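This is protein_12.json (JSON, C-alpha atoms).
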[["chain", "number", "residue", "atom", "x", "y", "z"],
["A", 1, "MET", "CA", -3.61, 18.64, 1.74],
["A", 2, "TYR", "CA", -6.47, 16.13, 2.03],
["A", 3, "MET", "CA", -9.72, 17.29, 3.59],
["A", 4, "ALA", "CA", -12.57, 14.81, 3.85],
["A", 5, "ASP", "CA", -15.84, 15.54, 2.07],
["A", 6, "GLU", "CA", -18.23, 17.33, 4.42],
["A", 7, "LYS", "CA", -21.14, 15.25, 3.05],
["A", 8, "ARG", "CA", -19.47, 11.89, 3.73],
["A", 9, "TYR", "CA", -22.17, 10.71, 6.14],
["A", 10, "GLU", "CA", -25.20, 11.65, 4.08],
["A", 11, "THR", "CA", -25.78, 8.47, 2.06],
["A", 12, "MET", "CA", -24.00, 5.50, 3.66],
["A", 13, "PRO", "CA", -26.18, 3.39, 6.01],
["A", 14, "TYR", "CA", -24.60, 2.25, 9.29],
["A", 15, "HIS", "CA", -25.57, -1.02, 10.95],
["A", 16, "ARG", "CA", -25.21, -1.96, 14.60],
["A", 17, "CYS", "CA", -22.61, -4.69, 15.00],
["A", 18, "GLY", "CA", -24.39, -7.43, 16.91],
["A", 19, "ARG", "CA", -25.55, -6.15, 20.29],
["A", 20, "SER", "CA", -22.56, -3.83, 20.70],
["A", 21, "GLY", "CA", -22.54, -0.07, 20.56],
["A", 22, "LEU", "CA", -20.40, -0.07, 17.42],
["A", 23, "LEU", "CA", -21.90, 0.89, 14.06],
["A", 24, "LEU", "CA", -20.26, -0.30, 10.86],
["A", 25, "PRO", "CA", -20.88, 1.07, 7.38],
["A", 26, "ALA", "CA", -22.92, -1.17, 5.09],
["A", 27, "VAL", "CA", -19.82, -1.31, 2.88],
["A", 28, "SER", "CA", -16.31, -1.66, 4.32],
["A", 29, "LEU", "CA", -12.96, -1.53, 2.51],
["A", 30, "GLY", "CA", -10.62, -4.50, 2.62],
["A", 31, "LEU", "CA", -6.93, -3.70, 2.12],
["A", 32, "TRP", "CA", -5.63, -6.94, 0.68],
["A", 33, "HIS", "CA", -4.52, -7.59, -2.89],
["A", 34, "ASN", "CA", -4.08, -3.99, -3.96],
["A", 35, "PHE", "CA", -2.16, -2.60, -0.97],
["A", 36, "GLY", "CA", 1.04, -4.60, -1.14],
["A", 37, "SER", "CA", 4.63, -3.59, -1.74],
["A", 38, "ASN", "CA", 4.07, -3.95, -5.49],
["A", 39, "GLY", "CA", 1.25, -1.38, -5.57],
["A", 40, "ASN", "CA", 1.20, 2.31, -6.39],
["A", 41, "PHE", "CA", 1.05, 4.35, -3.18],
["A", 42, "GLU", "CA", -0.75, 7.34, -4.71],
["A", 43, "ASN", "CA", -3.46, 5.01, -6.01],
["A", 44, "MET", "CA", -3.81, 3.30, -2.61],
["A", 45, "GLU", "CA", -4.20, 6.69, -1.00],
["A", 46, "ALA", "CA", -6.79, 7.77, -3.56],
["A", 47, "VAL", "CA", -8.80, 4.58, -2.98],
["A", 48, "CYS", "CA", -8.85, 5.20, 0.80],
["A", 49, "HIS", "CA", -9.75, 8.87, 0.38],
["A", 50, "THR", "CA", -12.59, 8.04, -2.02],
["A", 51, "ALA", "CA", -13.91, 5.41, 0.37],
["A", 52, "PHE", "CA", -13.87, 7.73, 3.38],
["A", 53, "ASP", "CA", -15.33, 10.62, 1.39],
["A", 54, "HIS", "CA", -18.37, 8.40, 0.74],
["A", 55, "GLY", "CA", -18.92, 7.16, 4.27],
["A", 56, "ILE", "CA", -16.77, 4.03, 4.33],
["A", 57, "THR", "CA", -15.29, 4.38, 7.79],
["A", 58, "HIS", "CA", -14.15, 0.78, 8.28],
["A", 59, "PHE", "CA", -10.76, -0.32, 6.91],
["A", 60, "ASP", "CA", -10.01, -4.03, 7.28],
["A", 61, "LEU", "CA", -6.49, -5.47, 7.26],
["A", 62, "ALA", "CA", -4.51, -8.50, 8.44],
["A", 63, "ASN", "CA", -0.93, -9.00, 9.52],
["A", 64, "ASN", "CA", 0.06, -10.94, 6.38],
["A", 65, "TYR", "CA", -1.81, -8.89, 3.76],
["A", 66, "GLY", "CA", 0.53, -7.83, 1.00],
["A", 67, "PRO", "CA", 2.62, -8.93, -0.72],
["A", 68, "VAL", "CA", 4.96, -8.92, 1.15],
["A", 69, "TYR", "CA", 3.66, -9.88, 4.59],
["A", 70, "GLY", "CA", 2.92, -6.70, 6.55],
["A", 71, "ALA", "CA", 3.01, -4.44, 3.49],
["A", 72, "ALA", "CA", -0.70, -3.55, 3.56],
["A", 73, "GLU", "CA", -0.43, -2.41, 7.17],
["A", 74, "GLU", "CA", 2.73, -0.46, 6.42],
["A", 75, "ASN", "CA", 1.11, 1.30, 3.46],
["A", 76, "PHE", "CA", -2.04, 2.05, 5.43],
["A", 77, "GLY", "CA", 0.18, 3.43, 8.18],
["A", 78, "ARG", "CA", 1.77, 5.77, 5.63],
["A", 79, "ILE", "CA", -1.70, 6.91, 4.54],
["A", 80, "LEU", "CA", -2.72, 7.53, 8.15],
["A", 81, "LYS", "CA", 0.43, 9.54, 8.82],
["A", 82, "LYS", "CA", 0.10, 11.59, 5.65],
["A", 83, "SER", "CA", -3.63, 12.30, 5.54],
["A", 84, "LEU", "CA", -6.25, 10.05, 7.15],
["A", 85, "GLY", "CA", -4.75, 10.01, 10.62],
["A", 86, "VAL", "CA", -6.36, 13.31, 11.61],
["A", 87, "TYR", "CA", -9.69, 11.48, 11.26],
["A", 88, "ARG", "CA", -8.65, 8.54, 13.48],
["A", 89, "ASP", "CA", -11.64, 8.91, 15.79],
["A", 90, "GLU", "CA", -13.95, 8.57, 12.77],
["A", 91, "LEU", "CA", -12.27, 5.37, 11.58],
["A", 92, "VAL", "CA", -12.80, 1.74, 12.47],
["A", 93, "ILE", "CA", -9.51, -0.07, 11.85],
["A", 94, "SER", "CA", -9.33, -3.84, 12.14],
["A", 95, "THR", "CA", -6.55, -6.34, 11.70],
["A", 96, "LYS", "CA", -6.12, -10.09, 12.16],
["A", 97, "ALA", "CA", -3.66, -12.80, 13.07],
["A", 98, "GLY", "CA", -3.93, -16.52, 12.53],
["A", 99, "TYR", "CA", -2.16, -17.39, 9.30],
["A", 100, "ASP", "CA", 1.55, -17.79, 8.62],
["A", 101, "MET", "CA", 3.38, -14.55, 9.35],
["A", 102, "TRP", "CA", 7.02, -15.18, 10.36],
["A", 103, "PRO", "CA", 9.37, -18.20, 10.49],
["A", 104, "GLY", "CA", 9.40, -20.67, 13.32],
["A", 105, "PRO", "CA", 6.76, -22.14, 15.64],
["A", 106, "TYR", "CA", 5.51, -18.82, 17.05],
["A", 107, "GLY", "CA", 4.36, -17.04, 13.89],
["A", 108, "ASN", "CA", 1.15, -18.89, 13.09],
["A", 109, "TRP", "CA", -2.21, -20.17, 14.38],
["A", 110, "GLY", "CA", -3.72, -19.13, 17.73],
["A", 111, "SER", "CA", -1.36, -19.22, 20.70],
["A", 112, "LYS", "CA", -1.27, -16.31, 23.12],
["A", 113, "LYS", "CA", 2.38, -15.70, 22.22],
["A", 114, "TYR", "CA", 1.57, -15.32, 18.53],
["A", 115, "LEU", "CA", -1.58, -13.22, 18.93],
["A", 116, "VAL", "CA", 0.01, -10.74, 21.34],
["A", 117, "ALA", "CA", 3.27, -10.42, 19.40],
["A", 118, "SER", "CA", 1.47, -10.06, 16.07],
["A", 119, "LEU", "CA", -0.75, -7.24, 17.27],
["A", 120, "ASP", "CA", 2.26, -5.38, 18.67],
["A", 121, "GLN", "CA", 3.89, -5.64, 15.24],
["A", 122, "SER", "CA", 0.69, -4.55, 13.47],
["A", 123, "LEU", "CA", 0.35, -1.47, 15.67],
["A", 124, "ARG", "CA", 3.95, -0.49, 14.92],
["A", 125, "ARG", "CA", 3.46, -0.93, 11.19],
["A", 126, "MET", "CA", 0.34, 1.23, 11.18],
["A", 127, "GLY", "CA", 1.68, 3.75, 13.68],
["A", 128, "ILE", "CA", -1.39, 3.61, 15.91],
["A", 129, "GLU", "CA", -1.95, 2.85, 19.59],
["A", 130, "TYR", "CA", -4.93, 0.51, 19.22],
["A", 131, "VAL", "CA", -7.15, -1.21, 16.68],
["A", 132, "ASP", "CA", -10.90, -1.09, 16.91],
["A", 133, "ILE", "CA", -11.39, -4.79, 16.13],
["A", 134, "TYR", "CA", -8.79, -7.54, 16.49],
["A", 135, "TYR", "CA", -9.64, -10.85, 14.82],
["A", 136, "HIS", "CA", -8.39, -14.35, 15.24],
["A", 137, "HIS", "CA", -8.10, -15.14, 11.53],
["A", 138, "ARG", "CA", -8.85, -18.87, 11.62],
["A", 139, "PRO", "CA", -9.56, -21.65, 14.12],
["A", 140, "ASP", "CA", -6.51, -23.45, 15.51],
["A", 141, "PRO", "CA", -7.06, -27.22, 15.86],
["A", 142, "GLU", "CA", -4.06, -27.62, 18.21],
["A", 143, "THR", "CA", -4.20, -24.67, 20.61],
["A", 144, "PRO", "CA", -6.89, -24.92, 23.33],
["A", 145, "LEU", "CA", -9.75, -22.63, 22.42],
["A", 146, "GLN", "CA", -9.68, -21.22, 25.93],
["A", 147, "GLU", "CA", -6.10, -20.00, 25.42],
["A", 148, "THR", "CA", -7.04, -18.17, 22.23],
["A", 149, "ALA", "CA", -10.11, -16.64, 23.88],
["A", 150, "ARG", "CA", -8.15, -15.55, 26.96],
["A", 151, "ALA", "CA", -5.44, -14.02, 24.80],
["A", 152, "LEU", "CA", -8.00, -11.93, 22.92],
["A", 153, "ASP", "CA", -9.71, -10.95, 26.15],
["A", 154, "GLY", "CA", -6.38, -9.86, 27.63],
["A", 155, "ILE", "CA", -5.59, -7.80, 24.55],
["A", 156, "VAL", "CA", -8.82, -5.85, 24.96],
["A", 157, "ARG", "CA", -8.12, -5.32, 28.65],
["A", 158, "SER", "CA", -4.64, -4.03, 27.73],
["A", 159, "GLY", "CA", -6.23, -1.29, 25.62],
["A", 160, "LYS", "CA", -4.63, -2.43, 22.38],
["A", 161, "ALA", "CA", -8.01, -3.42, 20.87],
["A", 162, "LEU", "CA", -11.53, -2.22, 21.62],
["A", 163, "TYR", "CA", -13.45, -5.23, 20.35],
["A", 164, "VAL", "CA", -12.77, -8.86, 19.47],
["A", 165, "GLY", "CA", -13.68, -10.68, 16.28],
["A", 166, "ILE", "CA", -13.16, -14.10, 14.72],
["A", 167, "SER", "CA", -12.84, -15.12, 11.09],
["A", 168, "ASN", "CA", -13.50, -18.38, 9.26],
["A", 169, "TYR", "CA", -15.13, -19.98, 12.32],
["A", 170, "ASP", "CA", -18.17, -22.14, 11.53],
["A", 171, "ARG", "CA", -21.34, -22.20, 13.60],
["A", 172, "GLU", "CA", -20.16, -24.73, 16.19],
["A", 173, "GLN", "CA", -16.77, -23.08, 16.59],
["A", 174, "THR", "CA", -18.41, -19.66, 16.91],
["A", 175, "ALA", "CA", -20.81, -20.89, 19.57],
["A", 176, "ALA", "CA", -17.97, -22.49, 21.53],
["A", 177, "ILE", "CA", -15.77, -19.40, 21.65],
["A", 178, "ALA", "CA", -18.77, -17.11, 22.16],
["A", 179, "ASP", "CA", -19.57, -19.02, 25.35],
["A", 180, "LEU", "CA", -16.01, -18.47, 26.61],
["A", 181, "PHE", "CA", -16.15, -14.78, 25.77],
["A", 182, "LYS", "CA", -19.48, -14.47, 27.58],
["A", 183, "GLN", "CA", -17.98, -15.99, 30.72],
["A", 184, "MET", "CA", -15.07, -13.52, 30.60],
["A", 185, "GLY", "CA", -17.13, -10.49, 29.67],
["A", 186, "THR", "CA", -15.14, -9.98, 26.45],
["A", 187, "PRO", "CA", -16.62, -7.56, 23.88],
["A", 188, "PHE", "CA", -16.89, -10.20, 21.13],
["A", 189, "ILE", "CA", -18.96, -8.63, 18.38],
["A", 190, "ILE", "CA", -18.29, -10.10, 14.91],
["A", 191, "ASN", "CA", -17.42, -13.05, 12.69],
["A", 192, "GLN", "CA", -15.89, -12.52, 9.25],
["A", 193, "ARG", "CA", -16.84, -15.14, 6.69],
["A", 194, "ARG", "CA", -16.88, -15.70, 2.94],
["A", 195, "TYR", "CA", -20.33, -15.17, 1.42],
["A", 196, "SER", "CA", -21.72, -14.55, -2.04],
["A", 197, "MET", "CA", -24.50, -15.70, -4.33],
["A", 198, "LEU", "CA", -22.09, -18.44, -5.43],
["A", 199, "ASP", "CA", -20.91, -19.44, -1.94],
["A", 200, "ARG", "CA", -23.66, -19.82, 0.66],
["A", 201, "THR", "CA", -21.74, -21.88, 3.18],
["A", 202, "ILE", "CA", -22.74, -19.62, 6.09],
["A", 203, "GLU", "CA", -26.36, -20.42, 5.30],
["A", 204, "LYS", "CA", -25.75, -24.15, 5.02],
["A", 205, "ASP", "CA", -23.69, -24.46, 8.21],
["A", 206, "GLY", "CA", -26.18, -22.34, 10.16],
["A", 207, "LEU", "CA", -23.76, -19.54, 11.04],
["A", 208, "LYS", "CA", -25.84, -16.79, 9.46],
["A", 209, "ASP", "CA", -29.01, -17.63, 11.41],
["A", 210, "TYR", "CA", -27.10, -18.38, 14.62],
["A", 211, "ALA", "CA", -25.28, -15.04, 14.55],
["A", 212, "ALA", "CA", -28.50, -13.11, 13.93],
["A", 213, "ALA", "CA", -30.24, -14.91, 16.82],
["A", 214, "SER", "CA", -27.24, -14.54, 19.14],
["A", 215, "GLY", "CA", -26.50, -10.86, 18.62],
["A", 216, "ILE", "CA", -23.21, -11.43, 16.79],
["A", 217, "GLY", "CA", -22.36, -9.28, 13.79],
["A", 218, "VAL", "CA", -21.33, -10.81, 10.48],
["A", 219, "ILE", "CA", -19.07, -9.12, 7.94],
["A", 220, "THR", "CA", -18.53, -10.92, 4.65],
["A", 221, "PHE", "CA", -15.61, -11.12, 2.24],
["A", 222, "SER", "CA", -15.34, -12.24, -1.40],
["A", 223, "PRO", "CA", -18.88, -10.99, -2.18],
["A", 224, "LEU", "CA", -18.00, -10.87, -5.88],
["A", 225, "ALA", "CA", -16.53, -14.40, -5.89],
["A", 226, "GLN", "CA", -13.04, -13.19, -6.88],
["A", 227, "GLY", "CA", -14.50, -11.24, -9.80],
["A", 228, "LEU", "CA", -16.87, -13.86, -11.19],
["A", 229, "LEU", "CA", -19.86, -11.74, -10.18],
["A", 230, "THR", "CA", -18.73, -8.77, -12.25],
["A", 231, "ASP", "CA", -18.79, -7.97, -15.94],
["A", 232, "ARG", "CA", -15.19, -9.17, -16.39],
["A", 233, "TYR", "CA", -16.16, -12.73, -17.26],
["A", 234, "LEU", "CA", -19.22, -12.11, -19.39],
["A", 235, "LYS", "CA", -17.22, -12.72, -22.56],
["A", 236, "GLY", "CA", -14.91, -15.40, -21.18],
["A", 237, "ILE", "CA", -11.72, -15.34, -19.14],
["A", 238, "PRO", "CA", -9.64, -12.14, -19.55],
["A", 239, "GLU", "CA", -5.91, -12.70, -19.90],
["A", 240, "ASP", "CA", -5.16, -10.35, -16.99],
["A", 241, "SER", "CA", -7.69, -11.93, -14.63],
["A", 242, "ARG", "CA", -6.75, -13.67, -11.40],
["A", 243, "VAL", "CA", -7.56, -16.98, -13.03],
["A", 244, "ARG", "CA", -4.62, -16.40, -15.37],
["A", 245, "THR", "CA", -2.28, -14.52, -13.03],
["A", 246, "ASP", "CA", -3.02, -16.09, -9.64],
["A", 247, "GLY", "CA", -4.99, -19.32, -9.49],
["A", 248, "ARG", "CA", -4.92, -19.65, -5.71],
["A", 249, "PHE", "CA", -8.35, -18.13, -5.13],
["A", 250, "LEU", "CA", -10.20, -18.71, -8.40],
["A", 251, "LYS", "CA", -9.44, -21.82, -10.42],
["A", 252, "GLU", "CA", -9.86, -21.87, -14.17],
["A", 253, "SER", "CA", -11.80, -25.11, -13.75],
["A", 254, "ALA", "CA", -14.52, -23.13, -11.95],
["A", 255, "VAL", "CA", -15.10, -20.85, -14.94],
["A", 256, "THR", "CA", -17.08, -23.34, -17.00],
["A", 257, "GLU", "CA", -19.34, -22.58, -19.93],
["A", 258, "GLU", "CA", -22.30, -23.37, -17.68],
["A", 259, "MET", "CA", -21.05, -20.89, -15.08],
["A", 260, "LEU", "CA", -20.56, -18.20, -17.72],
["A", 261, "GLN", "CA", -24.14, -18.72, -18.88],
["A", 262, "LYS", "CA", -25.39, -18.33, -15.30],
["A", 263, "ILE", "CA", -23.37, -15.14, -14.90],
["A", 264, "GLY", "CA", -24.87, -13.83, -18.12],
["A", 265, "SER", "CA", -28.39, -14.51, -16.84],
["A", 266, "LEU", "CA", -27.61, -12.79, -13.55],
["A", 267, "ASN", "CA", -26.25, -9.82, -15.47],
["A", 268, "GLU", "CA", -29.56, -9.53, -17.35],
["A", 269, "LEU", "CA", -31.47, -9.53, -14.06],
["A", 270, "ALA", "CA", -29.14, -6.88, -12.65],
["A", 271, "ALA", "CA", -29.80, -4.68, -15.68],
["A", 272, "GLN", "CA", -33.54, -4.99, -15.05],
["A", 273, "ARG", "CA", -32.89, -3.71, -11.52],
["A", 274, "GLY", "CA", -30.87, -0.79, -12.88],
["A", 275, "GLN", "CA", -27.65, -2.16, -11.45],
["A", 276, "SER", "CA", -24.40, -3.63, -12.66],
["A", 277, "LEU", "CA", -23.83, -7.30, -11.87],
["A", 278, "ALA", "CA", -21.36, -6.34, -9.14],
["A", 279, "GLN", "CA", -23.84, -3.92, -7.58],
["A", 280, "MET", "CA", -26.58, -6.54, -7.52],
["A", 281, "ALA", "CA", -24.22, -9.11, -6.00],
["A", 282, "LEU", "CA", -23.32, -6.70, -3.19],
["A", 283, "ALA", "CA", -26.93, -5.67, -2.67],
["A", 284, "TRP", "CA", -27.93, -9.34, -2.40],
["A", 285, "ILE", "CA", -25.55, -9.76, 0.56],
["A", 286, "LEU", "CA", -27.39, -6.99, 2.44],
["A", 287, "ARG", "CA", -30.89, -8.00, 1.35],
["A", 288, "ASP", "CA", -32.33, -9.24, 4.67],
["A", 289, "GLY", "CA", -30.50, -7.19, 7.30],
["A", 290, "ASP", "CA", -28.65, -10.17, 8.80],
["A", 291, "ILE", "CA", -25.24, -9.08, 7.45],
["A", 292, "THR", "CA", -23.66, -6.13, 9.24],
["A", 293, "SER", "CA", -21.28, -5.07, 6.47],
["A", 294, "VAL", "CA", -19.89, -6.32, 3.18],
["A", 295, "LEU", "CA", -16.17, -6.03, 2.46],
["A", 296, "ILE", "CA", -15.10, -4.81, -0.95],
["A", 297, "GLY", "CA", -11.66, -4.68, -2.52],
["A", 298, "ALA", "CA", -10.73, -2.00, -5.00],
["A", 299, "SER", "CA", -7.81, -1.47, -7.33],
["A", 300, "ARG", "CA", -8.83, 2.09, -8.19],
["A", 301, "PRO", "CA", -11.19, 4.77, -6.86],
["A", 302, "ALA", "CA", -13.74, 4.20, -9.63],
["A", 303, "GLN", "CA", -14.36, 0.68, -8.35],
["A", 304, "VAL", "CA", -15.28, 2.04, -4.93],
["A", 305, "LEU", "CA", -17.79, 4.42, -6.51],
["A", 306, "ASP", "CA", -19.26, 1.67, -8.68],
["A", 307, "ASN", "CA", -19.66, -0.70, -5.76],
["A", 308, "ILE", "CA", -21.37, 1.75, -3.44],
["A", 309, "GLY", "CA", -23.72, 2.66, -6.28],
["A", 310, "MET", "CA", -26.04, -0.06, -4.99],
["A", 311, "ILE", "CA", -26.69, 1.81, -1.72],
["A", 312, "GLY", "CA", -30.39, 2.55, -1.56],
["A", 313, "ASN", "CA", -31.31, -0.43, -3.72],
["A", 314, "THR", "CA", -30.62, -3.49, -1.58],
["A", 315, "SER", "CA", -34.12, -4.94, -1.34],
["A", 316, "PHE", "CA", -35.23, -7.83, -3.55],
["A", 317, "CYS", "CA", -38.80, -8.80, -4.29],
["A", 318, "GLU", "CA", -39.78, -12.46, -3.95],
["A", 319, "GLU", "CA", -39.72, -12.92, -7.72],
["A", 320, "GLU", "CA", -36.15, -11.60, -7.96],
["A", 321, "ARG", "CA", -34.97, -13.88, -5.15],
["A", 322, "ARG", "CA", -36.63, -16.86, -6.79],
["A", 323, "LYS", "CA", -35.13, -16.01, -10.16],
["A", 324, "ILE", "CA", -31.59, -15.76, -8.73],
["A", 325, "ASP", "CA", -31.97, -19.16, -7.07],
["A", 326, "GLU", "CA", -33.34, -20.70, -10.27],
["A", 327, "ILE", "CA", -30.42, -19.36, -12.30],
["A", 328, "LEU", "CA", -27.80, -20.65, -9.89],
["A", 329, "GLU", "CA", -29.43, -24.00, -9.21],
["A", 330, "GLY", "CA", -30.28, -24.69, -12.85]]
Would you mind giving the structure from this file in structure tokens?
Amino acid sequence: MYMADEKRYETMPYHRCGRSGLLLPAVSLGLWHNFGSNGNFENMEAVCHTAFDHGITHFDLANNYGPVYGAAEENFGRILKKSLGVYRDELVISTKAGYDMWPGPYGNWGSKKYLVASLDQSLRRMGIEYVDIYYHHRPDPETPLQETARALDGIVRSGKALYVGISNYDREQTAAIADLFKQMGTPFIINQRRYSMLDRTIEKDGLKDYAAASGIGVITFSPLAQGLLTDRYLKGIPEDSRVRTDGRFLKESAVTEEMLQKIGSLNELAAQRGQSLAQMALAWILRDGDITSVLIGASRPAQVLDNIGMIGNTSFCEEERRKIDEILEG
């Protein structure tokens, strides 16, 4: 029988999410690629246990995470029922809706019908009564923004979610929906965006600074750039990498000789800091306090332990920051 480590809160920092009362761990666990119907359940369970034992209280899902669609939520529901569920009040569970989920015109985007129905399905799959954060997964260019905002507000008022989040919204879109939420008194607390040393879009579009100034939390995904910012590519492209097995998220054309040289230089800098490349990449996300939490994915417990090894070493001196920029801009 699983019993959580009594020392689980001793090392993980917790950051206030925007101006809300909710604290999120500096590192959160995303249940995406490795929690589908083709995964090993015992390994999934071990990953979740290892995460929670080390202070990772936030587990992030979406309705269509798998494969197949819904499988990640179903597997997490099994883990909750078997072991983690007794700690429900210590967990922050989030899910999302916004991408294709079921056939027909009502299983996608941002209508009230889709968002309400999808959350009901998600709650059934996970076997829980509410989620802590419910995200709209992407902006909908066709549905009025007010409808999406009102749907999310109504969901909170129904008790099926405690807080509202958005994902993949840029600065202007975030400001627009934030204004609607403010008018309705909706507990909108967070935006989830892609961010890494190799992808600084949230800096360029102003979202990072806007969120910090506006009291909106930011949680980031793909901090390791689909594995590029790890030691896996230091000697070229492994045959079992996502580049070879699934080119949707990392194209082989992106793994150029020039990029591999940059990764090698970053790896040398990480070693000087006493970190692995992955640890430095994660630490860099948290370097200035503007990011609430960084989402990691893990295929085995050891990856969780390696990633959180950077806790306590997330500051960068001016010379290190300059060197990273020189490497990547060179």
### Query
Neighbours of stretch 315-323 of chain A within 12 Å (only C-alpha atoms; same-chain residues fewer than 3 positions away dropped), as JSON, numbers by chain?
{"A": [197, 262, 265, 266, 268, 269, 270, 272, 273, 280, 281, 282, 283, 284, 285, 286, 287, 288, 289, 310, 311, 312, 326, 327, 328, 329, 330]}
Atom pair atom CA of A:Glu257 + atom CA of A:Asp306, distance 26.7 Å
One residue among A:Gln303, A:Asn43, A:Ser214, A:Ser222 is nearest to A:Asp199 when using all atoms listed in the file, and that residue is A:Ser222
The residue from A:Gly21, A:Gly110, A:Gly297, A:Gly274 with the smallest atom-to-atom distance to A:Thr220, counting all atoms listed in the file, is A:Gly297
Here atom CA of A:His49 and atom CA of A:Gly309 stand apart by 16.7 Å
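The neighbours of A:Val27 here are the residues that come within 9 Å of it, using all atoms listed in the file and leaving out any residue fewer than 4 positions away in the same chain; they are Met12, Pro13, Tyr14, Gly55, Ile56, Thr57, His58, Leu282, Thr292, Ser293, Val294, Leu295, Ile296, Asn307, Ile308 and Ile311 of chain A.
In this comparison, which uses all atoms listed in the file, the residue of A:Leu152, A:Ala161, A:Leu91, A:Leu198 approaching A:Ile177 most closely is A:Leu152.
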Residues within 10 Å of A:His54, all atoms listed in the file, excluding chain neighbours under 2 positions, as JSON, numbers by chain: {"A": [4, 5, 6, 7, 8, 9, 10, 11, 12, 49, 50, 51, 52, 56, 57, 304, 305, 308]}
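Interatomic distance, atom CA of A:Glu74 against atom CA of A:Arg88: 16.1 Å.
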Q: Just the residues within 6 Å of stretch 186-194 of chain A, please, counting only C-alpha atoms, with nothing from its chain fewer than 4 positions along; format it as a list in words.
A: Gly18, Asp153, Tyr163, Val164, Gly165, Ile166, Ser167, Asn168, Phe181, Ile216, Gly217, Val218, Ile219, Thr220, Phe221 and Ser222 of chain A
Assuming 4 Å of padding per side, give the centre and edge lengths of the axis-aligned box around every listed atom of stretch 170-189 of chain A, in Å to one decimal and as AutoDock Vina command-line options.
--center_x -18.2 --center_y -16.1 --center_z 21.1 --size_x 14.3 --size_y 25.2 --size_z 27.2
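For A:Arg171, the list of residues within 8 Å, based on all atoms listed in the file and with local chain neighbours fewer than 2 positions off taken out, reads Tyr169, Gln173, Thr174, Ala175, Asp205, Gly206, Leu207 and Tyr210 of chain A.
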Output C-alpha atoms for every residue in that selection, as a PDB file, in the coordinates of the input.
ATOM      1  CA  TYR A 169     -15.130 -19.980  12.320  1.00  0.00           C
ATOM      2  CA  GLN A 173     -16.770 -23.080  16.590  1.00  0.00           C
ATOM      3  CA  THR A 174     -18.410 -19.660  16.910  1.00  0.00           C
ATOM      4  CA  ALA A 175     -20.810 -20.890  19.570  1.00  0.00           C
ATOM      5  CA  ASP A 205     -23.690 -24.460   8.210  1.00  0.00           C
ATOM      6  CA  GLY A 206     -26.180 -22.340  10.160  1.00  0.00           C
ATOM      7  CA  LEU A 207     -23.760 -19.540  11.040  1.00  0.00           C
ATOM      8  CA  TYR A 210     -27.100 -18.380  14.620  1.00  0.00           C
TER       9      TYR A 210
END
Would you list the residues near (-5.3, -4.8, 26.5) (no more than 12 Å away, in the coordinates of the file, using only C-alpha atoms) as a PDB file with C-alpha atoms, keeping the file's coordinate frame?
ATOM      1  CA  LEU A 115      -1.580 -13.220  18.930  1.00  0.00           C
ATOM      2  CA  VAL A 116       0.010 -10.740  21.340  1.00  0.00           C
ATOM      3  CA  LEU A 119      -0.750  -7.240  17.270  1.00  0.00           C
ATOM      4  CA  ASP A 120       2.260  -5.380  18.670  1.00  0.00           C
ATOM      5  CA  GLU A 129      -1.950   2.850  19.590  1.00  0.00           C
ATOM      6  CA  TYR A 130      -4.930   0.510  19.220  1.00  0.00           C
ATOM      7  CA  VAL A 131      -7.150  -1.210  16.680  1.00  0.00           C
ATOM      8  CA  ASP A 132     -10.900  -1.090  16.910  1.00  0.00           C
ATOM      9  CA  TYR A 134      -8.790  -7.540  16.490  1.00  0.00           C
ATOM     10  CA  ARG A 150      -8.150 -15.550  26.960  1.00  0.00           C
ATOM     11  CA  ALA A 151      -5.440 -14.020  24.800  1.00  0.00           C
ATOM     12  CA  LEU A 152      -8.000 -11.930  22.920  1.00  0.00           C
ATOM     13  CA  ASP A 153      -9.710 -10.950  26.150  1.00  0.00           C
ATOM     14  CA  GLY A 154      -6.380  -9.860  27.630  1.00  0.00           C
ATOM     15  CA  ILE A 155      -5.590  -7.800  24.550  1.00  0.00           C
ATOM     16  CA  VAL A 156      -8.820  -5.850  24.960  1.00  0.00           C
ATOM     17  CA  ARG A 157      -8.120  -5.320  28.650  1.00  0.00           C
ATOM     18  CA  SER A 158      -4.640  -4.030  27.730  1.00  0.00           C
ATOM     19  CA  GLY A 159      -6.230  -1.290  25.620  1.00  0.00           C
ATOM     20  CA  LYS A 160      -4.630  -2.430  22.380  1.00  0.00           C
ATOM     21  CA  ALA A 161      -8.010  -3.420  20.870  1.00  0.00           C
ATOM     22  CA  LEU A 162     -11.530  -2.220  21.620  1.00  0.00           C
ATOM     23  CA  TYR A 163     -13.450  -5.230  20.350  1.00  0.00           C
ATOM     24  CA  VAL A 164     -12.770  -8.860  19.470  1.00  0.00           C
ATOM     25  CA  THR A 186     -15.140  -9.980  26.450  1.00  0.00           C
ATOM     26  CA  PRO A 187     -16.620  -7.560  23.880  1.00  0.00           C
TER      27      PRO A 187
END
Residue with the minimum atom-to-atom distance to A:Lys113, picked from A:Gly127, A:Gly36, A:Gly98, A:Pro139 with all atoms listed in the file counted, is A:Gly98
With distances taken over all atoms listed in the file, the candidate from A:Arg138, A:Arg300, A:Lys96, A:Arg124 nearest A:Trp109 is A:Arg138
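With only the atoms specified (all atoms listed in the file) counting, those residues at most 9 Å away from (-8.2, -21.2, 24.2) are Gly110, Ser111, Lys112, Thr143, Pro144, Leu145, Gln146, Glu147, Thr148, Ala149, Arg150, Ala151, Ile177 and Leu180 of chain A.
For the residues A:Ser20, A:Ser28, A:Ser299, A:Ser122, ranking by smallest atom-to-atom distance to A:Asp60 using only C-alpha atoms places A:Ser28 first.
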